[in-house]
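Printed here is coords_24.cif (mmCIF, C-alpha atoms):
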```
data_model
loop_
_atom_site.label_atom_id
_atom_site.label_comp_id
_atom_site.auth_asym_id
_atom_site.auth_seq_id
_atom_site.Cartn_x
_atom_site.Cartn_y
_atom_site.Cartn_z
CA MET V 259 -140.40 -106.94 134.86
CA SER V 260 -139.16 -103.46 135.56
CA ALA V 261 -136.21 -102.30 133.48
CA THR V 262 -135.07 -100.10 136.33
CA ALA V 263 -131.61 -101.10 137.56
CA GLU V 264 -131.16 -102.15 141.13
CA PRO V 265 -129.68 -99.45 143.42
CA LYS V 266 -125.91 -99.34 143.10
CA THR V 267 -123.74 -100.38 145.98
CA GLU V 268 -120.36 -98.85 146.80
CA GLU V 269 -118.72 -101.86 145.15
CA ASP V 270 -120.55 -101.13 141.88
CA LYS V 271 -119.19 -97.61 141.56
CA ILE V 272 -116.24 -97.07 139.25
CA VAL V 273 -113.67 -94.85 140.87
CA ARG V 274 -111.37 -92.85 138.64
CA ARG V 275 -107.91 -93.10 140.18
CA LYS V 276 -105.43 -90.27 140.16
CA LEU V 277 -102.69 -90.56 137.58
CA SER V 278 -100.07 -90.21 140.30
CA ASP V 279 -101.51 -93.25 142.11
CA GLN V 280 -101.27 -95.30 138.95
CA VAL V 281 -97.67 -94.18 138.40
CA LEU V 282 -96.93 -95.05 142.01
CA ASP V 283 -98.28 -98.57 141.52
CA ARG V 284 -96.11 -99.05 138.42
CA LEU V 285 -92.96 -97.78 140.14
CA ARG V 286 -93.60 -99.86 143.24
CA ALA V 287 -93.98 -102.95 141.02
CA MET V 288 -90.69 -102.12 139.26
CA ILE V 289 -88.96 -102.06 142.66
CA LEU V 290 -90.61 -105.22 143.95
CA ASN V 291 -89.79 -107.25 140.82
CA ARG V 292 -86.20 -105.93 140.95
CA GLU V 293 -86.37 -104.08 137.64
CA LEU V 294 -85.10 -101.31 139.90
CA ALA V 295 -82.74 -102.82 142.48
CA PRO V 296 -81.44 -101.30 145.74
CA GLY V 297 -78.81 -98.69 144.93
CA ASP V 298 -80.06 -98.11 141.39
CA VAL V 299 -80.62 -94.55 140.21
CA MET V 300 -84.26 -93.88 139.41
CA PRO V 301 -85.11 -93.01 135.79
CA SER V 302 -85.36 -89.28 135.12
CA GLU V 303 -88.69 -87.54 135.42
CA ARG V 304 -88.75 -87.07 131.64
CA ALA V 305 -88.10 -90.77 131.05
CA LEU V 306 -90.92 -91.71 133.39
CA MET V 307 -93.26 -89.19 131.77
CA GLU V 308 -92.57 -90.72 128.37
CA ARG V 309 -92.82 -94.30 129.61
CA PHE V 310 -96.16 -93.85 131.35
CA GLY V 311 -97.62 -91.12 129.13
CA VAL V 312 -98.30 -88.73 131.99
CA GLY V 313 -97.30 -85.23 132.97
CA ARG V 314 -94.57 -84.09 135.33
CA PRO V 315 -96.90 -83.42 138.32
CA ALA V 316 -98.08 -87.06 138.37
CA VAL V 317 -94.49 -88.34 138.23
CA ARG V 318 -93.28 -85.98 140.95
CA GLU V 319 -96.16 -86.85 143.26
CA ALA V 320 -95.52 -90.57 142.79
CA LEU V 321 -91.79 -90.15 143.47
CA GLN V 322 -92.53 -88.16 146.62
CA SER V 323 -94.86 -90.94 147.82
CA LEU V 324 -92.09 -93.49 147.26
CA HIS V 325 -89.70 -91.28 149.23
CA ASN V 326 -92.21 -90.87 152.08
CA SER V 327 -92.61 -94.66 152.29
CA GLY V 328 -88.85 -95.18 152.45
CA LEU V 329 -88.56 -97.01 149.12
CA ILE V 330 -86.39 -94.33 147.51
CA SER V 331 -84.22 -91.46 148.71
CA ILE V 332 -84.53 -88.01 147.21
CA ASN V 333 -81.58 -85.69 147.76
CA HIS V 334 -81.54 -82.13 146.49
CA GLY V 335 -79.40 -81.80 143.39
CA GLU V 336 -79.06 -85.56 142.90
CA ARG V 337 -81.04 -88.27 141.16
CA SER V 338 -83.28 -90.39 143.36
CA ARG V 339 -81.99 -93.83 144.37
CA VAL V 340 -83.74 -97.02 145.33
CA ASN V 341 -83.32 -97.99 148.97
CA GLU V 342 -82.73 -101.42 150.44
CA VAL V 343 -86.09 -102.56 151.80
CA SER V 344 -85.73 -104.01 155.29
CA ALA V 345 -87.60 -104.43 158.54
CA ALA V 346 -86.15 -101.09 159.63
CA THR V 347 -87.72 -99.45 156.58
CA VAL V 348 -91.13 -100.86 157.44
CA LEU V 349 -90.92 -99.98 161.13
CA SER V 350 -89.71 -96.45 160.45
CA GLN V 351 -92.87 -95.91 158.42
CA SER V 352 -94.98 -97.08 161.36
CA ASP V 353 -93.52 -94.48 163.73
CA PRO V 354 -96.33 -91.89 163.27
CA ILE V 355 -98.98 -94.57 163.91
CA ALA V 356 -97.08 -95.89 166.95
CA ARG V 357 -96.91 -92.38 168.38
CA LEU V 358 -100.63 -91.93 167.87
CA VAL V 359 -101.41 -95.29 169.47
CA LEU V 360 -99.24 -94.55 172.51
CA SER V 361 -100.72 -91.09 172.93
CA ALA V 362 -104.32 -92.20 172.44
CA ALA V 363 -104.71 -94.41 175.51
CA PRO V 364 -102.55 -94.92 178.63
CA ALA V 365 -103.28 -98.66 178.50
CA ASN V 366 -101.24 -98.92 175.32
CA LEU V 367 -98.08 -98.08 177.27
CA GLU V 368 -98.73 -101.09 179.48
CA HIS V 369 -99.17 -103.26 176.40
CA LEU V 370 -95.89 -101.97 174.97
CA LYS V 371 -94.01 -102.63 178.22
CA HIS V 372 -95.40 -106.16 178.32
CA ALA V 373 -94.46 -106.77 174.69
CA ARG V 374 -90.97 -105.45 175.33
CA GLN V 375 -90.54 -107.76 178.31
CA MET V 376 -91.53 -110.84 176.34
CA PHE V 377 -89.33 -109.74 173.45
CA GLU V 378 -86.22 -109.04 175.53
CA LEU V 379 -86.45 -112.28 177.49
CA GLY V 380 -86.31 -114.22 174.25
CA MET V 381 -83.60 -111.93 172.92
CA ILE V 382 -81.19 -112.39 175.83
CA ARG V 383 -81.77 -116.14 175.73
CA VAL V 384 -80.36 -116.25 172.20
CA ALA V 385 -77.63 -113.74 173.05
CA ALA V 386 -76.41 -115.93 175.93
CA GLN V 387 -76.31 -118.93 173.63
CA LYS V 388 -74.35 -117.16 170.87
CA ALA V 389 -72.13 -114.71 172.77
CA THR V 390 -68.57 -114.35 171.50
CA ALA V 391 -65.61 -112.70 173.19
CA ALA V 392 -66.05 -109.71 170.87
CA ASP V 393 -69.72 -109.39 171.82
CA VAL V 394 -68.89 -109.41 175.52
CA ALA V 395 -66.11 -106.86 175.06
CA GLU V 396 -68.54 -104.48 173.34
CA LEU V 397 -71.11 -104.92 176.10
CA TRP V 398 -68.48 -104.01 178.71
CA ALA V 399 -67.46 -100.97 176.63
CA ILE V 400 -71.08 -99.76 176.55
CA HIS V 401 -71.37 -100.41 180.27
CA ALA V 402 -68.26 -98.29 180.91
CA GLU V 403 -69.68 -95.48 178.78
CA GLN V 404 -72.97 -95.60 180.65
CA GLU V 405 -71.11 -95.41 183.95
CA ARG V 406 -69.28 -92.31 182.72
CA GLN V 407 -72.65 -90.68 182.02
CA LEU V 408 -73.87 -90.83 185.62
CA GLY V 409 -75.53 -87.50 186.34
CA ASN V 410 -76.47 -86.94 182.69
CA ALA V 411 -79.94 -88.48 182.38
CA THR V 412 -80.24 -88.26 178.60
CA ALA V 413 -76.78 -89.66 177.83
CA PHE V 414 -77.22 -92.35 180.50
CA THR V 415 -80.50 -93.44 178.91
CA GLU V 416 -79.04 -93.41 175.40
CA ALA V 417 -76.19 -95.67 176.58
CA ASP V 418 -78.78 -97.94 178.19
CA MET V 419 -80.60 -98.20 174.87
CA ARG V 420 -77.33 -99.08 173.12
CA PHE V 421 -76.77 -101.85 175.66
CA HIS V 422 -80.13 -103.47 174.92
CA ILE V 423 -79.77 -103.01 171.16
CA ARG V 424 -76.30 -104.61 171.31
CA LEU V 425 -77.88 -107.64 172.97
CA ALA V 426 -80.39 -107.69 170.12
CA ARG V 427 -77.58 -107.67 167.55
CA MET V 428 -76.12 -110.78 169.14
CA THR V 429 -79.15 -112.72 167.86
CA GLU V 430 -77.88 -112.05 164.31
CA ASN V 431 -81.48 -111.42 163.30
CA PRO V 432 -82.03 -108.02 161.62
CA ILE V 433 -85.76 -108.10 162.31
CA ILE V 434 -85.15 -108.52 166.03
CA VAL V 435 -82.67 -105.62 165.94
CA SER V 436 -85.13 -103.38 164.09
CA VAL V 437 -88.00 -104.20 166.45
CA SER V 438 -85.76 -103.58 169.47
CA GLU V 439 -84.70 -100.18 168.12
CA ALA V 440 -88.30 -99.26 167.35
CA MET V 441 -89.72 -100.23 170.75
CA LEU V 442 -86.97 -98.49 172.69
CA GLY V 443 -87.31 -95.41 170.50
CA TRP V 444 -91.06 -95.21 171.07
CA LEU V 445 -90.63 -95.53 174.83
CA PHE V 446 -87.73 -93.09 174.99
CA GLU V 447 -89.48 -90.39 172.99
CA TYR V 448 -92.84 -90.50 174.67
CA HIS V 449 -92.22 -91.42 178.27
CA VAL V 450 -90.18 -89.98 181.07
CA GLY V 451 -88.15 -92.56 182.98
CA LEU V 452 -87.81 -94.96 180.07
CA LEU V 453 -84.62 -96.60 181.30
CA HIS V 454 -83.38 -93.99 183.70
CA TRP V 455 -84.98 -93.23 187.03
CA SER V 456 -83.66 -90.99 189.76
CA GLY V 457 -81.63 -92.73 192.41
CA LYS V 458 -81.54 -96.09 190.62
CA GLU V 459 -78.69 -95.55 188.17
CA GLU V 460 -76.23 -97.58 190.23
CA VAL V 461 -78.71 -100.43 190.47
CA THR V 462 -79.13 -100.35 186.69
CA LEU V 463 -75.38 -100.53 186.17
CA ALA V 464 -75.07 -103.43 188.60
CA GLU V 465 -77.85 -105.33 186.86
CA HIS V 466 -76.28 -104.73 183.46
CA ALA V 467 -72.91 -105.94 184.73
CA ARG V 468 -74.48 -109.10 186.08
CA MET V 469 -76.23 -109.69 182.75
CA ILE V 470 -72.91 -109.40 180.93
CA GLU V 471 -71.31 -111.91 183.29
CA LEU V 472 -74.13 -114.39 182.75
CA VAL V 473 -74.08 -113.92 178.97
CA GLU V 474 -70.31 -114.39 178.93
CA ALA V 475 -70.72 -117.63 180.91
CA HIS V 476 -73.45 -118.78 178.49
CA ASP V 477 -75.72 -119.15 181.51
CA VAL V 478 -78.93 -118.93 179.52
CA GLU V 479 -81.45 -119.36 182.33
CA GLY V 480 -79.50 -117.09 184.65
CA ALA V 481 -79.36 -114.33 182.01
CA VAL V 482 -83.09 -114.63 181.33
CA ALA V 483 -83.90 -114.44 185.04
CA MET V 484 -81.68 -111.39 185.47
CA MET V 485 -83.29 -109.61 182.54
CA GLU V 486 -86.73 -110.42 183.94
CA ARG V 487 -85.86 -108.88 187.32
CA HIS V 488 -84.34 -105.86 185.59
CA LEU V 489 -87.45 -105.18 183.50
CA GLU V 490 -89.91 -105.85 186.31
CA ARG V 491 -88.08 -103.41 188.57
CA SER V 492 -88.18 -100.68 185.95
CA ALA V 493 -91.75 -101.30 184.75
CA GLY V 494 -93.42 -99.53 187.65
CA VAL V 495 -91.55 -96.28 187.27
CA PHE V 496 -92.42 -95.38 183.67
CA GLU V 497 -94.59 -92.30 183.50
CA ALA V 498 -96.30 -90.87 180.47
CA LYS V 499 -95.29 -87.35 179.48
CA ALA V 500 -97.76 -84.75 180.52
#
```

Please, can you express the file's structure as structure tokens?
Amino acid sequence: MSATAEPKTEEDKIVRRKLSDQVLDRLRAMILNRELAPGDVMPSERALMERFGVGRPAVREALQSLHNSGLISINHGERSRVNEVSAATVLSQSDPIARLVLSAAPANLEHLKHARQMFELGMIRVAAQKATAADVAELWAIHAEQERQLGNATAFTEADMRFHIRLARMTENPIIVSVSEAMLGWLFEYHVGLLHWSGKEEVTLAEHARMIELVEAHDVEGAVAMMERHLERSAGVFEAKA
């Protein structure tokens, strides 16, 4: 039998990992197991160097990676602090990928519009079930602000986004709120005519007012139907930025 070893596969190869990656793994574990809790000040660079037996460059690179992923905040002149990990944290980190996906193929915009429609129909259903007098008052306040912004496309659209996000908040589900903010942000940043389209502002305001009335009346099916008409009307006018 030949003593020659079989050819090595990629799985057989031993990869020497960077020290900074190993420090990053340790720090991430400390955050996940709550040794470092949200709001805690991170140990000093010197303390981490001594604890892990590595140099300053490895510690600094690991801390920067944690900052880039949203797990800690680094402010000039202050010690780093651990952030609260939430759905918003995760989605904010996906922004660059979402931008790439939307820019890569026009069909992805259609997928995003469809996903948003399904999402918002479920969202307004819960909002109409749970609506309080305070919720309705805030929706009317946003509606009034949007009406004041007629003629200012950017401000009008921003008020429109606040209206939809306020409906999301009525679900009392932070994940739904974070997803709503993310989807609207992706559409607003990368596509002209996201929520505003020339000559249709008054129609938008009327549809929003009707939605508020239906939500206030806890007319669940009526609110869902109104949102569906609103989104279907707007879907055909979105245009990708050149």

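Here atom CA of Asp283 of chain V is placed at a distance of 10.5 Å from atom CA of Ser323 of chain V.
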
Worksheet item: Between atom CA of Met419 of chain V and atom CA of Leu442 of chain V, what is the spacing in Å?
Response: 6.7 Å

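We find atom CA of Phe414 of chain V and atom CA of Glu471 of chain V to be spaced 20.6 Å apart.
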
Worksheet item: Which residues fall under the PyMOL selection byres ((chain V and resi 316) around 9) in this file, as number ranges by chain?
Response: V: 276-282, 307, 312-315, 317-321

Run the PyMOL selection byres ((chain V and resi 388) around 12) against the file shown and list the residues it catches, as a PDB file with C-alpha atoms, in the frame of the given file.
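Below you can see expr.pdb, which holds the result:
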```
ATOM      1  CA  MET V 381     -83.600-111.930 172.920  1.00  0.00           C
ATOM      2  CA  ILE V 382     -81.190-112.390 175.830  1.00  0.00           C
ATOM      3  CA  ARG V 383     -81.770-116.140 175.730  1.00  0.00           C
ATOM      4  CA  VAL V 384     -80.360-116.250 172.200  1.00  0.00           C
ATOM      5  CA  ALA V 385     -77.630-113.740 173.050  1.00  0.00           C
ATOM      6  CA  ALA V 386     -76.410-115.930 175.930  1.00  0.00           C
ATOM      7  CA  GLN V 387     -76.310-118.930 173.630  1.00  0.00           C
ATOM      8  CA  ALA V 389     -72.130-114.710 172.770  1.00  0.00           C
ATOM      9  CA  THR V 390     -68.570-114.350 171.500  1.00  0.00           C
ATOM     10  CA  ALA V 391     -65.610-112.700 173.190  1.00  0.00           C
ATOM     11  CA  ALA V 392     -66.050-109.710 170.870  1.00  0.00           C
ATOM     12  CA  ASP V 393     -69.720-109.390 171.820  1.00  0.00           C
ATOM     13  CA  VAL V 394     -68.890-109.410 175.520  1.00  0.00           C
ATOM     14  CA  LEU V 425     -77.880-107.640 172.970  1.00  0.00           C
ATOM     15  CA  ALA V 426     -80.390-107.690 170.120  1.00  0.00           C
ATOM     16  CA  ARG V 427     -77.580-107.670 167.550  1.00  0.00           C
ATOM     17  CA  MET V 428     -76.120-110.780 169.140  1.00  0.00           C
ATOM     18  CA  THR V 429     -79.150-112.720 167.860  1.00  0.00           C
ATOM     19  CA  GLU V 430     -77.880-112.050 164.310  1.00  0.00           C
ATOM     20  CA  ASN V 431     -81.480-111.420 163.300  1.00  0.00           C
ATOM     21  CA  VAL V 473     -74.080-113.920 178.970  1.00  0.00           C
ATOM     22  CA  GLU V 474     -70.310-114.390 178.930  1.00  0.00           C
ATOM     23  CA  ALA V 475     -70.720-117.630 180.910  1.00  0.00           C
ATOM     24  CA  HIS V 476     -73.450-118.780 178.490  1.00  0.00           C
ATOM     25  CA  ASP V 477     -75.720-119.150 181.510  1.00  0.00           C
ATOM     26  CA  VAL V 478     -78.930-118.930 179.520  1.00  0.00           C
TER      27      VAL V 478
END
```

Worksheet item: From the set V:Ala467, V:Ala305, V:Ala440, V:Met300, which residue has the shortest atom-to-atom contact distance to Arg374 of chain V, counting all atoms listed in the file?
Response: V:Ala440

Item to complete: Using the chain letters and numbers from the file, give me the residues hit by the PyMOL selection byres ((chain V and resi 482) around 8), as a ChimeraX atom specification.
Response: /V:379-380,382-383,478-481,483-486

Worksheet entry | 9 Å contact set for Ser438 of chain V, only C-alpha atoms, chain neighbours under 2 positions out, as a count of residues only | 14

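Using all atoms listed in the file, the shortest contact distance between Thr415 of chain V and any of V:Ala399, V:Thr462, V:Ala295, V:Gly335 is found at V:Thr462.
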
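If only C-alpha atoms are the atoms counted, then among V:Glu439, V:Glu460, V:Glu368, V:Glu396 the closest residue to Glu416 of chain V is V:Glu439.
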
For the point (-71.6, -101.4, 182.6) in file coordinates, what residues are within 10 Å, counting all atoms listed in the file? Give the answer as a short mmCIF file (atom, residue, chain, number, x, y, z; two decimals) with C-alpha atoms, in the frame of the given file?
```
data_model
loop_
_atom_site.label_atom_id
_atom_site.label_comp_id
_atom_site.auth_asym_id
_atom_site.auth_seq_id
_atom_site.Cartn_x
_atom_site.Cartn_y
_atom_site.Cartn_z
CA LEU V 397 -71.11 -104.92 176.10
CA TRP V 398 -68.48 -104.01 178.71
CA ALA V 399 -67.46 -100.97 176.63
CA ILE V 400 -71.08 -99.76 176.55
CA HIS V 401 -71.37 -100.41 180.27
CA ALA V 402 -68.26 -98.29 180.91
CA GLU V 403 -69.68 -95.48 178.78
CA GLN V 404 -72.97 -95.60 180.65
CA GLU V 405 -71.11 -95.41 183.95
CA ARG V 406 -69.28 -92.31 182.72
CA ALA V 417 -76.19 -95.67 176.58
CA ASP V 418 -78.78 -97.94 178.19
CA PHE V 421 -76.77 -101.85 175.66
CA GLU V 460 -76.23 -97.58 190.23
CA THR V 462 -79.13 -100.35 186.69
CA LEU V 463 -75.38 -100.53 186.17
CA ALA V 464 -75.07 -103.43 188.60
CA GLU V 465 -77.85 -105.33 186.86
CA HIS V 466 -76.28 -104.73 183.46
CA ALA V 467 -72.91 -105.94 184.73
CA ARG V 468 -74.48 -109.10 186.08
CA MET V 469 -76.23 -109.69 182.75
CA ILE V 470 -72.91 -109.40 180.93
#
```

To box segment 463-474 of chain V, take all atoms listed in the file, fit an axis-aligned box, add 6 Å on each side, and give centre and edge lengths in Å to one decimal, as JSON.
```
{"center_x": -74.1, "center_y": -107.5, "center_z": 183.8, "size_x": 19.5, "size_y": 25.9, "size_z": 21.7}
```

Practice prompt. Find, counting all atoms listed in the file, the residue in V:Leu290, V:Leu489, V:Glu459, V:Leu445 that gets nearest to Ala411 of chain V.
Written response: V:Glu459

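Considering the residues V:His334, V:Arg284, V:His372, V:Arg420 and counting all atoms listed in the file, Arg309 of chain V has its shortest atom-to-atom contact with V:Arg284.
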
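Proximity to Arg424 of chain V was assessed for V:Leu324, V:Leu367, V:Ala395, V:Leu408 counting only C-alpha atoms; the smallest distance is recorded for V:Ala395.
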
Model the absent atoms of segment 316-344 of chain V so that N, CA and C atoms are present, and write the result as an mmCIF file, in the frame of the given file.
```
data_model
loop_
_atom_site.group_PDB
_atom_site.id
_atom_site.type_symbol
_atom_site.label_atom_id
_atom_site.label_comp_id
_atom_site.auth_asym_id
_atom_site.auth_seq_id
_atom_site.Cartn_x
_atom_site.Cartn_y
_atom_site.Cartn_z
ATOM 1 N N ALA V 316 -97.747 -85.695 137.939
ATOM 2 C CA ALA V 316 -98.080 -87.060 138.370
ATOM 3 C C ALA V 316 -96.824 -87.835 138.735
ATOM 4 N N VAL V 317 -95.757 -87.647 137.957
ATOM 5 C CA VAL V 317 -94.490 -88.340 138.230
ATOM 6 C C VAL V 317 -93.895 -87.835 139.546
ATOM 7 N N ARG V 318 -93.879 -86.537 139.731
ATOM 8 C CA ARG V 318 -93.280 -85.980 140.950
ATOM 9 C C ARG V 318 -94.046 -86.409 142.198
ATOM 10 N N GLU V 319 -95.363 -86.437 142.101
ATOM 11 C CA GLU V 319 -96.160 -86.850 143.260
ATOM 12 C C GLU V 319 -95.909 -88.313 143.591
ATOM 13 N N ALA V 320 -95.786 -89.143 142.570
ATOM 14 C CA ALA V 320 -95.520 -90.570 142.790
ATOM 15 C C ALA V 320 -94.138 -90.766 143.403
ATOM 16 N N LEU V 321 -93.147 -90.039 142.920
ATOM 17 C CA LEU V 321 -91.790 -90.150 143.470
ATOM 18 C C LEU V 321 -91.763 -89.697 144.927
ATOM 19 N N GLN V 322 -92.504 -88.640 145.243
ATOM 20 C CA GLN V 322 -92.530 -88.160 146.620
ATOM 21 C C GLN V 322 -93.181 -89.198 147.531
ATOM 22 N N SER V 323 -94.208 -89.889 147.031
ATOM 23 C CA SER V 323 -94.860 -90.940 147.820
ATOM 24 C C SER V 323 -93.894 -92.094 148.080
ATOM 25 N N LEU V 324 -93.088 -92.452 147.068
ATOM 26 C CA LEU V 324 -92.090 -93.490 147.260
ATOM 27 C C LEU V 324 -91.059 -93.073 148.299
ATOM 28 N N HIS V 325 -90.670 -91.810 148.252
ATOM 29 C CA HIS V 325 -89.700 -91.280 149.230
ATOM 30 C C HIS V 325 -90.303 -91.318 150.636
ATOM 31 N N ASN V 326 -91.558 -90.892 150.759
ATOM 32 C CA ASN V 326 -92.210 -90.870 152.080
ATOM 33 C C ASN V 326 -92.347 -92.270 152.669
ATOM 34 N N SER V 327 -92.474 -93.283 151.808
ATOM 35 C CA SER V 327 -92.610 -94.660 152.290
ATOM 36 C C SER V 327 -91.268 -95.340 152.503
ATOM 37 N N GLY V 328 -90.170 -94.630 152.204
ATOM 38 C CA GLY V 328 -88.850 -95.180 152.450
ATOM 39 C C GLY V 328 -88.303 -96.054 151.326
ATOM 40 N N LEU V 329 -89.017 -96.139 150.205
ATOM 41 C CA LEU V 329 -88.560 -97.010 149.120
ATOM 42 C C LEU V 329 -87.467 -96.362 148.277
ATOM 43 N N ILE V 330 -87.457 -95.031 148.203
ATOM 44 C CA ILE V 330 -86.390 -94.330 147.510
ATOM 45 C C ILE V 330 -85.922 -93.158 148.360
ATOM 46 N N SER V 331 -84.743 -92.656 148.050
ATOM 47 C CA SER V 331 -84.220 -91.460 148.710
ATOM 48 C C SER V 331 -84.113 -90.345 147.700
ATOM 49 N N ILE V 332 -84.614 -89.191 148.063
ATOM 50 C CA ILE V 332 -84.530 -88.010 147.210
ATOM 51 C C ILE V 332 -83.624 -87.002 147.887
ATOM 52 N N ASN V 333 -82.507 -86.679 147.247
ATOM 53 C CA ASN V 333 -81.580 -85.690 147.760
ATOM 54 C C ASN V 333 -81.492 -84.534 146.793
ATOM 55 N N HIS V 334 -81.550 -83.334 147.329
ATOM 56 C CA HIS V 334 -81.540 -82.130 146.490
ATOM 57 C C HIS V 334 -80.302 -82.103 145.607
ATOM 58 N N GLY V 335 -80.522 -81.902 144.327
ATOM 59 C CA GLY V 335 -79.400 -81.800 143.390
ATOM 60 C C GLY V 335 -78.897 -83.132 142.882
ATOM 61 N N GLU V 336 -79.498 -84.235 143.344
ATOM 62 C CA GLU V 336 -79.060 -85.560 142.900
ATOM 63 C C GLU V 336 -80.257 -86.355 142.407
ATOM 64 N N ARG V 337 -79.987 -87.369 141.615
ATOM 65 C CA ARG V 337 -81.040 -88.270 141.160
ATOM 66 C C ARG V 337 -81.483 -89.162 142.317
ATOM 67 N N SER V 338 -82.741 -89.499 142.321
ATOM 68 C CA SER V 338 -83.280 -90.390 143.360
ATOM 69 C C SER V 338 -82.674 -91.772 143.221
ATOM 70 N N ARG V 339 -82.513 -92.469 144.363
ATOM 71 C CA ARG V 339 -81.990 -93.830 144.370
ATOM 72 C C ARG V 339 -82.926 -94.759 145.110
ATOM 73 N N VAL V 340 -82.915 -96.000 144.689
ATOM 74 C CA VAL V 340 -83.740 -97.020 145.330
ATOM 75 C C VAL V 340 -83.071 -97.476 146.615
ATOM 76 N N ASN V 341 -83.847 -97.561 147.679
ATOM 77 C CA ASN V 341 -83.320 -97.990 148.970
ATOM 78 C C ASN V 341 -83.427 -99.504 149.138
ATOM 79 N N GLU V 342 -82.597 -100.021 150.033
ATOM 80 C CA GLU V 342 -82.730 -101.420 150.440
ATOM 81 C C GLU V 342 -83.957 -101.526 151.334
ATOM 82 N N VAL V 343 -84.884 -102.396 150.993
ATOM 83 C CA VAL V 343 -86.090 -102.560 151.800
ATOM 84 C C VAL V 343 -85.802 -103.563 152.907
ATOM 85 N N SER V 344 -86.020 -103.159 154.138
ATOM 86 C CA SER V 344 -85.730 -104.010 155.290
ATOM 87 C C SER V 344 -86.800 -103.822 156.346
#
```
